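Some notes on the structure that comes next.
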Amino acid sequence: MKNGIYIVAFLVCLTSFGQKKKSATPKATAGLAKVDNLIAEVKNGNFQVSITEKGKEVDAIIVKSADKSFEPTGCKITSFKTSSISLYLLSWQEKTNTKTPTKTEDILTIYTKVYDITSKKEVFSNYQITNNITEQVFLDKNKTVSETQNKIRREGFEFTLNPDGSITQKSKNQENKWVYDATKKEYLDAKKKK
């Protein structure tokens, strides 16, 4: 009787521990942003806009090369019309952090690019950097007394897509307005176009 219990217990152990693990199938990476037949994604070491037809990629526009540390956030593709031409706005953010014993920099870079998909051409590009700096500043030469200072540095332009398809760039000291020229297939300075 005891041998029968041991055999049953042994068989139960074999069947519970002897099952094969299911092999993990890699999940298909979903795009970062999607609109119409366009998908923004990281593929083959590039950040790209893939152009699809019937669910299959037929072409791609390389935005930039991307290594393993590339992690865009807030990625969006927006369709809009200007001068009766359909264009697409791709925007994303990148965050970097630099830290030393006395200084920390949190850098946020916002990228915006406008593409004409029919000609597969980038027609406008913009970036805006906001650098939040926290720094320990010593008030004496022996470095015994210090204070923490916070600074914000900005670089580039704030980007605005207007309802008519024109673009406005603003900084602290400057404002630029750009309008699309359908014959040249690029944005031109509104002041020079008139």
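Scheme for the structure tokens: letters A, B, ... for chains in order shown; per-chain residue numbers from 1; ligand numbers from 1 in order shown.
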
**OP:** Write out as a VMD selection string the residues lying within 8 Å of Thr109 (chain A), counting only C-alpha atoms and excluding same-chain residues fewer than 2 positions away.
**Re:** chain A and resid 93 to 95 107 111 127 to 130

Original post:
Can you list, as an NGL selection string, every protein, DNA or RNA residue that comes within 6 Å of region 157-168 of chain A when you count only C-alpha atoms, leaving out same-chain residues fewer than 2 positions away?
Top reply: :A and (82 or 128 or 170-171 or 176-179)

Please, could you write that set of residues out with N, CA, C and O atoms as a PDB file, in the first residue's frame?
ATOM      1  N   THR A  82      -2.650  72.279 -46.654  1.00  0.00           N
ATOM      2  CA  THR A  82      -2.269  73.654 -46.918  1.00  0.00           C
ATOM      3  C   THR A  82      -2.089  73.793 -48.417  1.00  0.00           C
ATOM      4  O   THR A  82      -1.528  72.901 -49.055  1.00  0.00           O
ATOM      5  N   GLN A 128      13.014  72.313 -30.240  1.00  0.00           N
ATOM      6  CA  GLN A 128      12.943  73.213 -29.088  1.00  0.00           C
ATOM      7  C   GLN A 128      13.531  72.472 -27.892  1.00  0.00           C
ATOM      8  O   GLN A 128      13.087  71.380 -27.546  1.00  0.00           O
ATOM      9  N   LYS A 170       8.309  80.703 -32.524  1.00  0.00           N
ATOM     10  CA  LYS A 170       8.518  81.793 -31.564  1.00  0.00           C
ATOM     11  C   LYS A 170       9.661  81.452 -30.621  1.00  0.00           C
ATOM     12  O   LYS A 170       9.800  80.309 -30.188  1.00  0.00           O
ATOM     13  N   SER A 171      10.446  82.486 -30.328  1.00  0.00           N
ATOM     14  CA  SER A 171      11.442  82.408 -29.263  1.00  0.00           C
ATOM     15  C   SER A 171      11.256  83.649 -28.404  1.00  0.00           C
ATOM     16  O   SER A 171      10.337  84.437 -28.634  1.00  0.00           O
ATOM     17  N   ASN A 176       8.859  83.957 -36.320  1.00  0.00           N
ATOM     18  CA  ASN A 176       8.928  83.691 -37.758  1.00  0.00           C
ATOM     19  C   ASN A 176       7.617  83.076 -38.209  1.00  0.00           C
ATOM     20  O   ASN A 176       7.042  82.246 -37.498  1.00  0.00           O
ATOM     21  N   LYS A 177       7.175  83.450 -39.413  1.00  0.00           N
ATOM     22  CA  LYS A 177       5.982  82.838 -39.992  1.00  0.00           C
ATOM     23  C   LYS A 177       6.376  82.247 -41.335  1.00  0.00           C
ATOM     24  O   LYS A 177       7.056  82.896 -42.130  1.00  0.00           O
ATOM     25  N   TRP A 178       5.948  81.003 -41.558  1.00  0.00           N
ATOM     26  CA  TRP A 178       6.295  80.263 -42.766  1.00  0.00           C
ATOM     27  C   TRP A 178       5.023  79.836 -43.486  1.00  0.00           C
ATOM     28  O   TRP A 178       4.067  79.411 -42.845  1.00  0.00           O
ATOM     29  N   VAL A 179       5.030  79.927 -44.825  1.00  0.00           N
ATOM     30  CA  VAL A 179       3.902  79.470 -45.641  1.00  0.00           C
ATOM     31  C   VAL A 179       4.411  78.458 -46.661  1.00  0.00           C
ATOM     32  O   VAL A 179       5.569  78.533 -47.098  1.00  0.00           O
TER      33      VAL A 179
END

Original post:
Within 9 Å of Val137 (chain A), counting only C-alpha atoms, which residues qualify if same-chain residues fewer than 5 places away don't, as a PyMOL selection string?
Top reply: chain A and resi 102-103+143+145-149

Now that the selection is made, can you save its residues with all heavy atoms as a CSV table (one decimal), in the first residue's frame?
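Once everything was written out, this is selection_9.csv:
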chain,number,residue,atom,x,y,z
A,102,THR,N,27.9,68.0,-8.5
A,102,THR,CA,27.4,69.4,-8.2
A,102,THR,C,26.3,69.9,-9.1
A,102,THR,O,25.8,71.0,-8.9
A,102,THR,CB,28.5,70.4,-8.1
A,102,THR,OG1,29.2,70.4,-9.4
A,102,THR,CG2,29.5,70.0,-7.0
A,103,LYS,N,26.0,69.2,-10.2
A,103,LYS,CA,25.1,69.7,-11.2
A,103,LYS,C,24.2,68.6,-11.8
A,103,LYS,O,24.7,67.5,-12.1
A,103,LYS,CB,25.9,70.4,-12.3
A,103,LYS,CG,25.2,71.2,-13.3
A,103,LYS,CD,26.2,71.8,-14.2
A,103,LYS,CE,25.6,72.8,-15.2
A,103,LYS,NZ,26.5,73.4,-16.1
A,143,LYS,N,35.0,76.0,-0.1
A,143,LYS,CA,33.9,75.1,-0.5
A,143,LYS,C,33.2,74.6,0.8
A,143,LYS,O,32.9,73.4,0.9
A,143,LYS,CB,34.3,74.0,-1.4
A,143,LYS,CG,34.8,74.4,-2.7
A,143,LYS,CD,35.1,73.3,-3.6
A,143,LYS,CE,35.5,73.8,-5.0
A,143,LYS,NZ,35.7,72.7,-5.9
A,145,VAL,N,30.6,76.6,2.3
A,145,VAL,CA,29.2,77.2,2.2
A,145,VAL,C,28.7,77.1,0.8
A,145,VAL,O,29.4,77.5,-0.1
A,145,VAL,CB,29.2,78.6,2.8
A,145,VAL,CG1,27.8,79.2,2.7
A,145,VAL,CG2,29.7,78.7,4.2
A,146,SER,N,27.5,76.6,0.6
A,146,SER,CA,27.0,76.5,-0.8
A,146,SER,C,25.5,76.8,-0.8
A,146,SER,O,24.8,76.8,0.3
A,146,SER,CB,27.2,75.1,-1.3
A,146,SER,OG,26.5,74.2,-0.7
A,147,GLU,N,25.0,77.0,-2.0
A,147,GLU,CA,23.6,77.2,-2.2
A,147,GLU,C,23.2,76.5,-3.4
A,147,GLU,O,24.0,76.3,-4.3
A,147,GLU,CB,23.2,78.7,-2.2
A,147,GLU,CG,23.6,79.4,-3.5
A,147,GLU,CD,23.1,80.8,-3.5
A,147,GLU,OE1,22.5,81.3,-2.6
A,147,GLU,OE2,23.3,81.4,-4.6
A,148,THR,N,21.9,76.1,-3.5
A,148,THR,CA,21.4,75.4,-4.7
A,148,THR,C,20.7,76.4,-5.6
A,148,THR,O,19.9,77.2,-5.1
A,148,THR,CB,20.5,74.3,-4.3
A,148,THR,OG1,21.1,73.4,-3.5
A,148,THR,CG2,20.0,73.6,-5.6
A,149,GLN,N,21.1,76.5,-6.9
A,149,GLN,CA,20.6,77.4,-7.8
A,149,GLN,C,19.9,76.6,-8.9
A,149,GLN,O,20.4,75.6,-9.4
A,149,GLN,CB,21.6,78.3,-8.5
A,149,GLN,CG,22.3,79.2,-7.5
A,149,GLN,CD,23.4,80.1,-8.1
A,149,GLN,OE1,23.7,79.9,-9.3
A,149,GLN,NE2,23.9,81.0,-7.4

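Taking CA of Ala60 (chain A) and CA of Leu38 (chain A) as endpoints, the distance between them is 9.0 Å.
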
**OP:** Would you kindly return, as an MDAnalysis selection string, each protein, DNA or RNA residue with an atom no farther than 9 Å from any atom of Ile51 (chain A), considering only C-alpha atoms and excluding same-chain residues fewer than 6 positions away?
**Re:** chainID A and resid 37:39 57:61 117

Restricted to C-alpha atoms, what would the selected residues look like written as a compact mmCIF listing (two decimals), in the first residue's frame?
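Output file part-v6.txt is given in full below:
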# COMPACT_ATOMS: atom_id res chain seq x y z
CA ASN A 37 -1.44 54.64 -43.94
CA LEU A 38 1.55 55.97 -41.95
CA ILE A 39 3.21 54.43 -38.89
CA GLU A 57 5.04 48.27 -45.60
CA VAL A 58 5.74 49.50 -49.14
CA ASP A 59 8.15 52.33 -48.38
CA ALA A 60 9.66 54.28 -45.51
CA ILE A 61 11.06 57.72 -44.78
CA ILE A 117 4.43 61.86 -48.39

Original post:
Could you name the residues that touch Ser83 (chain A) at 7 Å or less, counting only C-alpha atoms, but leaving out those on the same chain fewer than 2 positions away, as a count of residues only?
Top reply: 3

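Using only C-alpha atoms, the residues found no farther than 10 Å from Lys43 (chain A), other than those of its own chain fewer than 3 positions away, are A:Thr29, A:Gly31, A:Ala40, A:Asn46, A:Phe47, A:Gln48, A:Val49, A:Ser50, A:Ile62, A:Ser65, A:Ala66.
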
Writing out the chosen residues with N, CA, C and O atoms as a PDB file, in the first residue's frame:
ATOM      1  N   THR A  29       6.198  44.641 -32.527  1.00  0.00           N
ATOM      2  CA  THR A  29       6.218  45.962 -31.910  1.00  0.00           C
ATOM      3  C   THR A  29       5.216  46.856 -32.615  1.00  0.00           C
ATOM      4  O   THR A  29       5.235  46.987 -33.839  1.00  0.00           O
ATOM      5  N   GLY A  31       3.549  50.408 -33.620  1.00  0.00           N
ATOM      6  CA  GLY A  31       4.130  51.698 -33.940  1.00  0.00           C
ATOM      7  C   GLY A  31       3.934  52.693 -32.813  1.00  0.00           C
ATOM      8  O   GLY A  31       3.059  52.547 -31.962  1.00  0.00           O
ATOM      9  N   ALA A  40       4.716  55.655 -37.425  1.00  0.00           N
ATOM     10  CA  ALA A  40       6.028  56.063 -36.907  1.00  0.00           C
ATOM     11  C   ALA A  40       6.525  54.936 -36.018  1.00  0.00           C
ATOM     12  O   ALA A  40       5.826  54.511 -35.099  1.00  0.00           O
ATOM     13  N   ASN A  46      16.606  52.429 -37.166  1.00  0.00           N
ATOM     14  CA  ASN A  46      16.179  53.756 -37.612  1.00  0.00           C
ATOM     15  C   ASN A  46      14.837  54.123 -37.008  1.00  0.00           C
ATOM     16  O   ASN A  46      13.982  53.263 -36.807  1.00  0.00           O
ATOM     17  N   PHE A  47      14.670  55.409 -36.731  1.00  0.00           N
ATOM     18  CA  PHE A  47      13.353  55.950 -36.409  1.00  0.00           C
ATOM     19  C   PHE A  47      12.796  56.374 -37.755  1.00  0.00           C
ATOM     20  O   PHE A  47      13.417  57.167 -38.464  1.00  0.00           O
ATOM     21  N   GLN A  48      11.654  55.809 -38.137  1.00  0.00           N
ATOM     22  CA  GLN A  48      11.148  56.024 -39.483  1.00  0.00           C
ATOM     23  C   GLN A  48       9.644  56.163 -39.523  1.00  0.00           C
ATOM     24  O   GLN A  48       8.951  55.782 -38.593  1.00  0.00           O
ATOM     25  N   VAL A  49       9.165  56.715 -40.640  1.00  0.00           N
ATOM     26  CA  VAL A  49       7.742  56.753 -40.945  1.00  0.00           C
ATOM     27  C   VAL A  49       7.530  55.724 -42.040  1.00  0.00           C
ATOM     28  O   VAL A  49       8.024  55.883 -43.168  1.00  0.00           O
ATOM     29  N   SER A  50       6.835  54.640 -41.706  1.00  0.00           N
ATOM     30  CA  SER A  50       6.568  53.577 -42.670  1.00  0.00           C
ATOM     31  C   SER A  50       5.281  53.885 -43.420  1.00  0.00           C
ATOM     32  O   SER A  50       4.280  54.261 -42.812  1.00  0.00           O
ATOM     33  N   ILE A  62      13.187  57.649 -43.602  1.00  0.00           N
ATOM     34  CA  ILE A  62      14.058  57.589 -42.429  1.00  0.00           C
ATOM     35  C   ILE A  62      14.094  58.977 -41.792  1.00  0.00           C
ATOM     36  O   ILE A  62      14.481  59.950 -42.429  1.00  0.00           O
ATOM     37  N   SER A  65      18.704  57.990 -37.389  1.00  0.00           N
ATOM     38  CA  SER A  65      19.171  56.700 -36.890  1.00  0.00           C
ATOM     39  C   SER A  65      18.879  56.628 -35.397  1.00  0.00           C
ATOM     40  O   SER A  65      18.881  57.638 -34.705  1.00  0.00           O
ATOM     41  N   ALA A  66      18.609  55.415 -34.930  1.00  0.00           N
ATOM     42  CA  ALA A  66      18.204  55.237 -33.528  1.00  0.00           C
ATOM     43  C   ALA A  66      18.971  54.060 -32.937  1.00  0.00           C
ATOM     44  O   ALA A  66      18.965  52.970 -33.486  1.00  0.00           O
TER      45      ALA A  66
END

Original post:
Looking only at the backbone, which of the residues in chain A does DSSP tag as alpha helix (DSSP H), as a ChimeraX atom specification?
Top reply: /A:2-17,190-193

Subject >> Residue with smallest distance to Thr104 (chain A) - pool A:Thr134, A:Val123, A:Asp67, A:Asn150, counting only C-alpha atoms >> reply: A:Thr134

Original post:
Could you name the residues that touch Ser125 (chain A) at 10 Å or less, counting only C-alpha atoms, but leaving out those on the same chain fewer than 3 positions away, as a ChimeraX atom specification?
Top reply: /A:89-91,111-115,122,159,187

Once you have the residues from the selection above, write them out as a PDB file, in the first residue's frame, restricted to C-alpha atoms.
ATOM      1  CA  LEU A  89       3.327  66.600 -39.095  1.00  0.00           C
ATOM      2  CA  LEU A  90       5.473  64.231 -37.039  1.00  0.00           C
ATOM      3  CA  SER A  91       6.310  65.317 -33.489  1.00  0.00           C
ATOM      4  CA  TYR A 111      11.161  67.725 -32.450  1.00  0.00           C
ATOM      5  CA  THR A 112       8.651  68.560 -35.178  1.00  0.00           C
ATOM      6  CA  LYS A 113       8.992  67.636 -38.832  1.00  0.00           C
ATOM      7  CA  VAL A 114       6.591  68.160 -41.730  1.00  0.00           C
ATOM      8  CA  TYR A 115       6.570  65.640 -44.591  1.00  0.00           C
ATOM      9  CA  GLU A 122      10.823  66.603 -45.420  1.00  0.00           C
ATOM     10  CA  PHE A 159       6.436  75.449 -32.972  1.00  0.00           C
ATOM     11  CA  TYR A 187       7.967  76.213 -46.545  1.00  0.00           C
TER      12      TYR A 187
END

**OP:** Could you pull out the residues in region 7-181 of chain A that DSSP calls strand (DSSP E) from the backbone, as JSON, numbers by chain?
**Re:** {"A": [33, 34, 35, 38, 39, 40, 41, 42, 43, 46, 47, 48, 49, 50, 51, 52, 53, 56, 57, 58, 59, 60, 61, 62, 63, 64, 65, 73, 74, 75, 76, 77, 78, 79, 80, 81, 82, 85, 86, 87, 88, 89, 90, 91, 92, 93, 94, 95, 96, 97, 98, 99, 103, 104, 105, 106, 107, 108, 109, 110, 111, 112, 113, 114, 115, 116, 121, 122, 123, 124, 125, 126, 127, 128, 129, 130, 131, 132, 133, 134, 135, 136, 137, 138, 146, 147, 148, 149, 150, 151, 152, 153, 154, 155, 156, 158, 159, 160, 161, 167, 168, 169, 170, 175, 176, 177, 178, 179, 180, 181]}

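Distance-wise, CA of Val35 (chain A) and CA of Ile77 (chain A) end up 6.2 Å apart.
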